[in-house]
Amino acid sequence: MRVSQKVKNILSAYESDNPGTKGNLARILMHGKLGGTGKLLILPVDQGFEHGPARSFAPNPSGYDPHYHFKLAIDAGLSAYAAPLGMIEAGADSFAGAIPTILKCNSANSLSTNKDQALTASVGDALRLGCAAIGFTIYPGSEDQFELIEEIRELAEEAKAVGLAVVVWSYPRGGIVTKEGETAMDICAYAAHMAALIGAHIIKVKPPTDSIFLDAAKKVYAAQDIAASTLKQRIEHVVQSCFNGKRIVVFSGGEAKDLDGIFAEVTAIRDGGGNGSIIGRNTFQRPREEALKMLEQIIKIYLNKA
Amino acid sequence: MRVSQKVKNILSAYESDNPGTKGNLARILMHGKLGGTGKLLILPVDQGFEHGPARSFAPNPSGYDPHYHFKLAIDAGLSAYAAPLGMIEAGADSFAGAIPTILKCNSANSLSTNKDQALTASVGDALRLGCAAIGFTIYPGSEDQFELIEEIRELAEEAKAVGLAVVVWSYPRGGIVTKEGETAMDICAYAAHMAALIGAHIIKVKPPTDSIFLDAAKKVYAAQDIAASTLKQRIEHVVQSCFNGKRIVVFSGGEAKDLDGIFAEVTAIRDGGGNGSIIGRNTFQRPREEALKMLEQIIKIYLNKA
Amino acid sequence: MRVSQKVKNILSAYESDNPGTKGNLARILMHGKLGGTGKLLILPVDQGFEHGPARSFAPNPSGYDPHYHFKLAIDAGLSAYAAPLGMIEAGADSFAGAIPTILKCNSANSLSTNKDQALTASVGDALRLGCAAIGFTIYPGSEDQFELIEEIRELAEEAKAVGLAVVVWSYPRGGIVTKEGETAMDICAYAAHMAALIGAHIIKVKPPTDSIFLDAAKKVYAAQDIAASTLKQRIEHVVQSCFNGKRIVVFSGGEAKDLDGIFAEVTAIRDGGGNGSIIGRNTFQRPREEALKMLEQIIKIYLNKA
Amino acid sequence: MRVSQKVKNILSAYESDNPGTKGNLARILMHGKLGGTGKLLILPVDQGFEHGPARSFAPNPSGYDPHYHFKLAIDAGLSAYAAPLGMIEAGADSFAGAIPTILKCNSANSLSTNKDQALTASVGDALRLGCAAIGFTIYPGSEDQFELIEEIRELAEEAKAVGLAVVVWSYPRGGIVTKEGETAMDICAYAAHMAALIGAHIIKVKPPTDSIFLDAAKKVYAAQDIAASTLKQRIEHVVQSCFNGKRIVVFSGGEAKDLDGIFAEVTAIRDGGGNGSIIGRNTFQRPREEALKMLEQIIKIYLNKA
Amino acid sequence: MRVSQKVKNILSAYESDNPGTKGNLARILMHGKLGGTGKLLILPVDQGFEHGPARSFAPNPSGYDPHYHFKLAIDAGLSAYAAPLGMIEAGADSFAGAIPTILKCNSANSLSTNKDQALTASVGDALRLGCAAIGFTIYPGSEDQFELIEEIRELAEEAKAVGLAVVVWSYPRGGIVTKEGETAMDICAYAAHMAALIGAHIIKVKPPTDSIFLDAAKKVYAAQDIAASTLKQRIEHVVQSCFNGKRIVVFSGGEAKDLDGIFAEVTAIRDGGGNGSIIGRNTFQRPREEALKMLEQIIKIYLNKA
């Protein structure tokens with residue numbers, strides 16, 4: 001594998017990481033149809049944990065089988081596949097080497113009454129399963145946020161020492177954060193910045209709305225005249241909050257929506273300088289052929305061919 | 001021992017496990033009268049912990065003696081015997097090699113006021129006692145669910161590393177889950193799926209009723225027209241939720257009931273593609289001869305001879 | 001030391017224990033005037049922790065000196081002496097080898113407002129002090145019961161690995177358990193059974209009353225017609241609940257009472273098949289000569305000479 | 001150093017300790033003007049933590065400098081100097097070998113709202129700083145008492161293994177203990193006894209008043225006619241509660257008071273068989289010359305020369 | 001590097017530290033334009049964590065890039081640069097050896113509802129990133145203060161063992177401490193003293209106001225006539241509370257303010273014997289040239305040239 005100049009530039013910003021971790025970041029950045037472009041398209045399948053199997057897979061029952069997602073991610077030419085322990089264990093051998101995998105190491109579920117997640121996998125699991133990275137969710141604002149941060153701190157130190165990359169899902173919720181606040185522009189940027197500060201290599205946040213949540217932030221956003229009217233501008237702000245673009249940031253697709261909505265969002269992410277998308281339900285809840293077509297179009301957008 | 005093709009197929013789905021763990025799964029799957037068929041009949045005796053000795057054993061006082069259950073499981077040709085530390089310690093030497101044992105590593109009791117279990121045994125105990133697997137209960141929904149999940153995560157990683165299999169009792173209760181919700185179809189499938197996601201090799205759930213508990217699930221079950229009117233269909237749904245049948249799932253017998261009720265349930269489990277039954281009180285609270293007869297009939301059903 | 005056939009039989013039920021642990025159980029079972037009979041008479045002195053020094057020792061001030069209890073236990077020909085760390089440290093060297101000791105590893109005190117105990121000694125302490133066993137109290141029913149069970153689980157695994165025996169004081173209290181419930185027959189049997197299930201070698205409970213506490217138990221005790229009218233019958237029930245007599249169970253003396261009351265209780269314990277008594281305050285709060293006489297009489301009862 | 005017969009006798013009661021720990025106890029017992037007499041006079045300076053620097057040192061600003069206290073303790077011929085980590089670190093090298101030091105390993109402060117202490121130093125710190133002992137405060141009665149006891153249990157085991165001595169400040173407070181209860185005779189004796197039971201080598205309590213706090217104790221103190229009218233008698237009771245004098249017990253000076261009050265208290269401690277005093281504020285809040293004079297007089301009292 | 005006599009004198013007070021730690025303290029004290037003078041000027045950039053990226057960096061967007069702060073600190077000739085993990089990782093290689101770095105190991109954020117911080121970096125991180133020291137915030141008074149103290153205790157022991165220096169931000173807040181109390185003179189001095197007692201090498205507090213917060217302190221400050229009317233006098237009191245000047249204490253700049261205010265504060269710190277300043281927002285929120293000018297002037301003040 002010859003690493004592209006674009007990817008070399010991205011890797012150079014991870015200047016404190018060892019060659020093992022840089023190698024795994026390169027594996028992800030060089031893989032699939034976006035390989036070498038600095039853009040990423042990742043398939044995450046942890047919705048079975050978060051929402052239950054039927055809500056996740058009944059619309060397209062092929063998804064009950066863990067192999068389906070591996071194949072879909074490979075056939076679509078995606079950058080990586082992210083899932084909880086059981087899902088990865090069920091396909092890691094069959095698809096060894098075929099696509100970089102991200103082991104999601106914590107999960108919540110719909111029966112929970114607090115804003116926390118349970119640890120469900122370890123760095124040791126990621127190593128034995130041949131994963132390129134670990135994934136972890138933090139809930140900034142939640143009453144358990146510090147415990148979550150301390151858990152990823154420990155896992156991240158361990159992962160970096162053995163040459164794995166670290167992907168952080170930074171989803172503000174709980175405590176003083178309202179539903180609207182969860183995707184407010186200041187909060188999304190803050191969430192992304194915190195993930196960067198705790199040492200994430202790849203940051204995942206939701207696309208920000210034009211709302212500003214914290215009073216103290218409102219004054220600054222007004223005084224500094226931070227552009228927020230278009231999604232592209234808001235993406236730019238999040239990218240800036242990720243060490244001025246020195247950390248990879250990808251955006252989630254959120255709830256199932258129509259194709260035009262998805263493509264418009266992806267275009268804004270691209271134009272705002274975001275590194276890509278991580279799209280779950282919008283992918284695997286469609287029939288395979290439709291999903292492949294959709295992913296092909298998203299890839300075209302990121303390749304500036306659409 | 002020559003492993004049957006049926007069992008080889010089942011084992012092939014555990015593609016990330018080491019030969020030690022696969023060997024122990026094979027020991028269970030090849031043992032007893034159902035050996036080699038891919039079906040399992042397991043005797044669990046942890047009711048003394050959960051309900052007290054008299055409520056468990058007074059109806060058939062032979063059961064106060066730990067050897068009774070080992071002998072019963074062996075004589076009936078069952079697949080495995082599962083019990084807490086003290087019960088296994090009291091017979092592990094006398095019956096070494098005679099039947100695969102599952103060390104139940106956590107337990108609750110009737111005096112408890114919260115939905116939690118205490119750790120009562122370790123992977124080290126399972127090894128020194130020659131067990132084939134560890135067993136562990138999680139209570140999805142309970143306020144302590146994440147601690148329970150994190151405990152089994154740690155035990156499971158340790159067990160897999162030393163070649164043991166992992167059996168998870170997934171019993172939703174507590175928090176928002178009502179009594180009816182505990183056995184609702186969506187909740188049973190969700191509980192089974194979570195156990196699969198945290199890496200269980202064998203999953204134990206209760207037979208689901210035709211009730212749907214979560215509002216968000218009701219919409220999906222209606223929209224996707226998921227068949228739920230017969231127990232066979234509901235079993236199929238749970239099997240599907242276990243990685244489309246790639247994980248072994250067995251069903252508990254629940255409270256003592258009449259023989260016809262038991263046989264009907266077993267037939268539905270078989271027809272729905274479930275891997276078998278784990279029957280405690282219905283077994284050891286009957287006189288030995290009656291119990292042996294009942295187990296013989298259940299085995300016949302699983303062998304399609306009844 | 002030649003181990004008697006009676007003791008060999010008892011030891012054979014501890015079939016999963018290593019020779020070190022069996023050797024220490026044998027040390028206790030073969031020691032003193034009851035040596036070889038399968039009966040035990042143990043002196044526990046942890047009341048200074050539980051009730052304070054004056055309430056414990058002022059009635060017989062010799063007891064303030066830790067050596068007093070060692071000597072008393074030795075001179076009376078008892079089976080073992082149990083006490084907290086400081087008490088054992090203060091005599092372990094002077095009386096090394098003279099009597100088996102049980103290091104009580106947790107303790108509560110009269111100033112506590114919750115039903116818990118603090119860990120006050122370790123397995124390492126027991127080894128360096130030459131003890132034959134560790135002792136530990138659990139409070140089934142208490143809000144802290146699972147933490148207590150998890151503590152003894154860990155200590156017991158460690159103790160068994162280094163060849164020590166494990167003695168569990170199983171005293172239901174707290175939570176839903178009322179004062180009357182603490183000594184109810186179903187609760188005492190349940191408490192003894194739980195201690196057996198978590199792997200105790202020697203179980204200590206209170207003599208049960210003829211009360212039945214749990215509603216679910218009441219039905220079973222009535223339906224199964226479990227004899228409960230005499231203390232002998234209730235002791236039999238507790239013995240049965242200890243793996244049908246395969247685990248040693250001893251009974252505490254409770255609050256100070258008159259000699260006739262003590263002897264009657266001991267006779268019932270003997271006739272019900274209990275393995276012996278563990279008597280603290282009734283021993284050391286009497287003048288030494290009276291205590292020796294009382295213990296002599298108890299020994300006679302257990303030897304069937306009274 | 002030739003150890004006096006008196007000290008040898010005291011050491012002989014620590015029969016389970018290794019030569020390292022006995023050696024460090026001997027260092028303290030043989031040091032200073034009371035060396036060899038079995039009496040101790042210790043300077044503790046942790047009031048900066050408990051009350052703040054100005055409340056502690058402003059009355060005699062020399063005390064802001066950690067060296068001042070080392071020098072004062074050495075020049076006065078005291079037995080040992082006890083202080084938190086920072087204070088010891090700031091003088092351990094300059095005064096290495098000049099006086100035995102006790103590293104106070106936990107501390108509270110005036111801003112705290114619960115009755116607990118924070119761990120602030122370790123056994124490893126004590127070793128690298130050349131200390132003879134670790135010091136630790138427990139608050140019997142407090143809601144955090146069991147955590148405190150478990151912390152010192154662990155530290156004490158570690159300290160004894162590496163040959164250090166263990167000094168326990170046993171100060172009842174919190175929970176059901178009222179302000180008056182904190183120094184009640186039964187509570188002081190109970191606190192001293194608990195410290196002995198958890199394995200302390202040197203016990204520090206407050207001089208008891210003639211109040212009896214616990215109802216259950218009142219009956220016993222009355223029934224047994226325990227002498228309590230003079231401080232000497234109450235000291236005797238505390239000494240008796242320390243394993244009948246087999247554990248060293250010293251008494252704190254408490255709040256600053258006049259010299260006559262101090263000398264009277266010291267005389268009672270001596271006459272009651274106490275092993276000495278540990279006097280902080282009354283020492284370092286006086287000008288150095290006055291403090292030296294006061295300490296000289298206290299030493300004379302303990303030497304029976306006053 | 002030839003260590004100045006002034007710095008040698010300062011280092012001599014850290015008499016219990018190993019040469020590694022003294023070497024790192026020397027690196028900080030000898031670096032930059034104040035090198036060798038015993039004065040320090042430190043740039044801290046953890047405001048992105050505490051307040052979010054826009055509130056921190058939008059006024060001068062160059063600050064979004066982690067390299068900006070490294071360069072600024074180097075170009076201004078500062079003593080050290082302090083930041084959380086991600087910020088240090090993003091520049092540690094580019095600027096290796098160019099300026100001593102302090103790895104801030106815990107952080108809070110504006111979404112938190114309690115007065116605590118999350119651990120976000122380790123001593124291992126500090127070593128692999130070539131840092132000279134770890135930094136840590138405690139909140140004396142907060143309900144979580146003891147946990148924070150216990151965390152830094154453990155980190156500090158580990159850091160000292162591997163030759164790192166320890167910088168403690170001691171910021172009273174929470175519990176009984178009011179907003180005004182946070183900067184009251186007695187509380188600032190108390191906070192600084194506690195940091196010294198737990199073994200900090202460099203202490204960071206806020207400049208004290210002339211308010212006295214604790215009632216018990218008010219009496220003492222009045223009785224002892226402690227000078228408090230000028231900031232210089234209050235700085236002197238804090239310096240005295242840091243082991244009479246034997247521990248380095250620096251003062252934070254607090255919220256953005258005008259230049260005259262900053263210079264007046266710095267002059268008072270210098271005249272009161274403080275060791276320097278740690279100035280974040282007032283530095284990086286100004287345009288680079290203005291910031292460099294301001295820092296130049298502060299350095300002149302500390303050099304007694306202004």
# chains A, B, ... in the order shown; residues from 1 in each chain; ligands from 1
>>> interface_residues(of="chain D", to="chain E", cutoff="6 Å", atoms="only C-alpha atoms", output="ChimeraX atom specification")
/D:49,52-53,55,64-65,85-86,89,93,111-112,118-120
>>> select_by_dssp(residues="stretch 16-82 of chain B", states="strand (DSSP E or B)", output="list in words")
Leu40, Leu41, Ile42, Leu43, Pro44, Ala80, Tyr81 and Ala82 of chain B
>>> residues_around(residues="A:Val250", least_positions_apart="2", cutoff="7 Å", atoms="only C-alpha atoms", output="PyMOL selection string")
chain A and resi 203-205+248+252+274-278
>>> select_by_dssp(residues="stretch 136-255 of chain D", states="helix (DSSP H, G or I)", output="VMD selection string")
chain D and resid 145 to 161 179 to 182 185 to 197 215 to 223 231 to 241 243 to 245
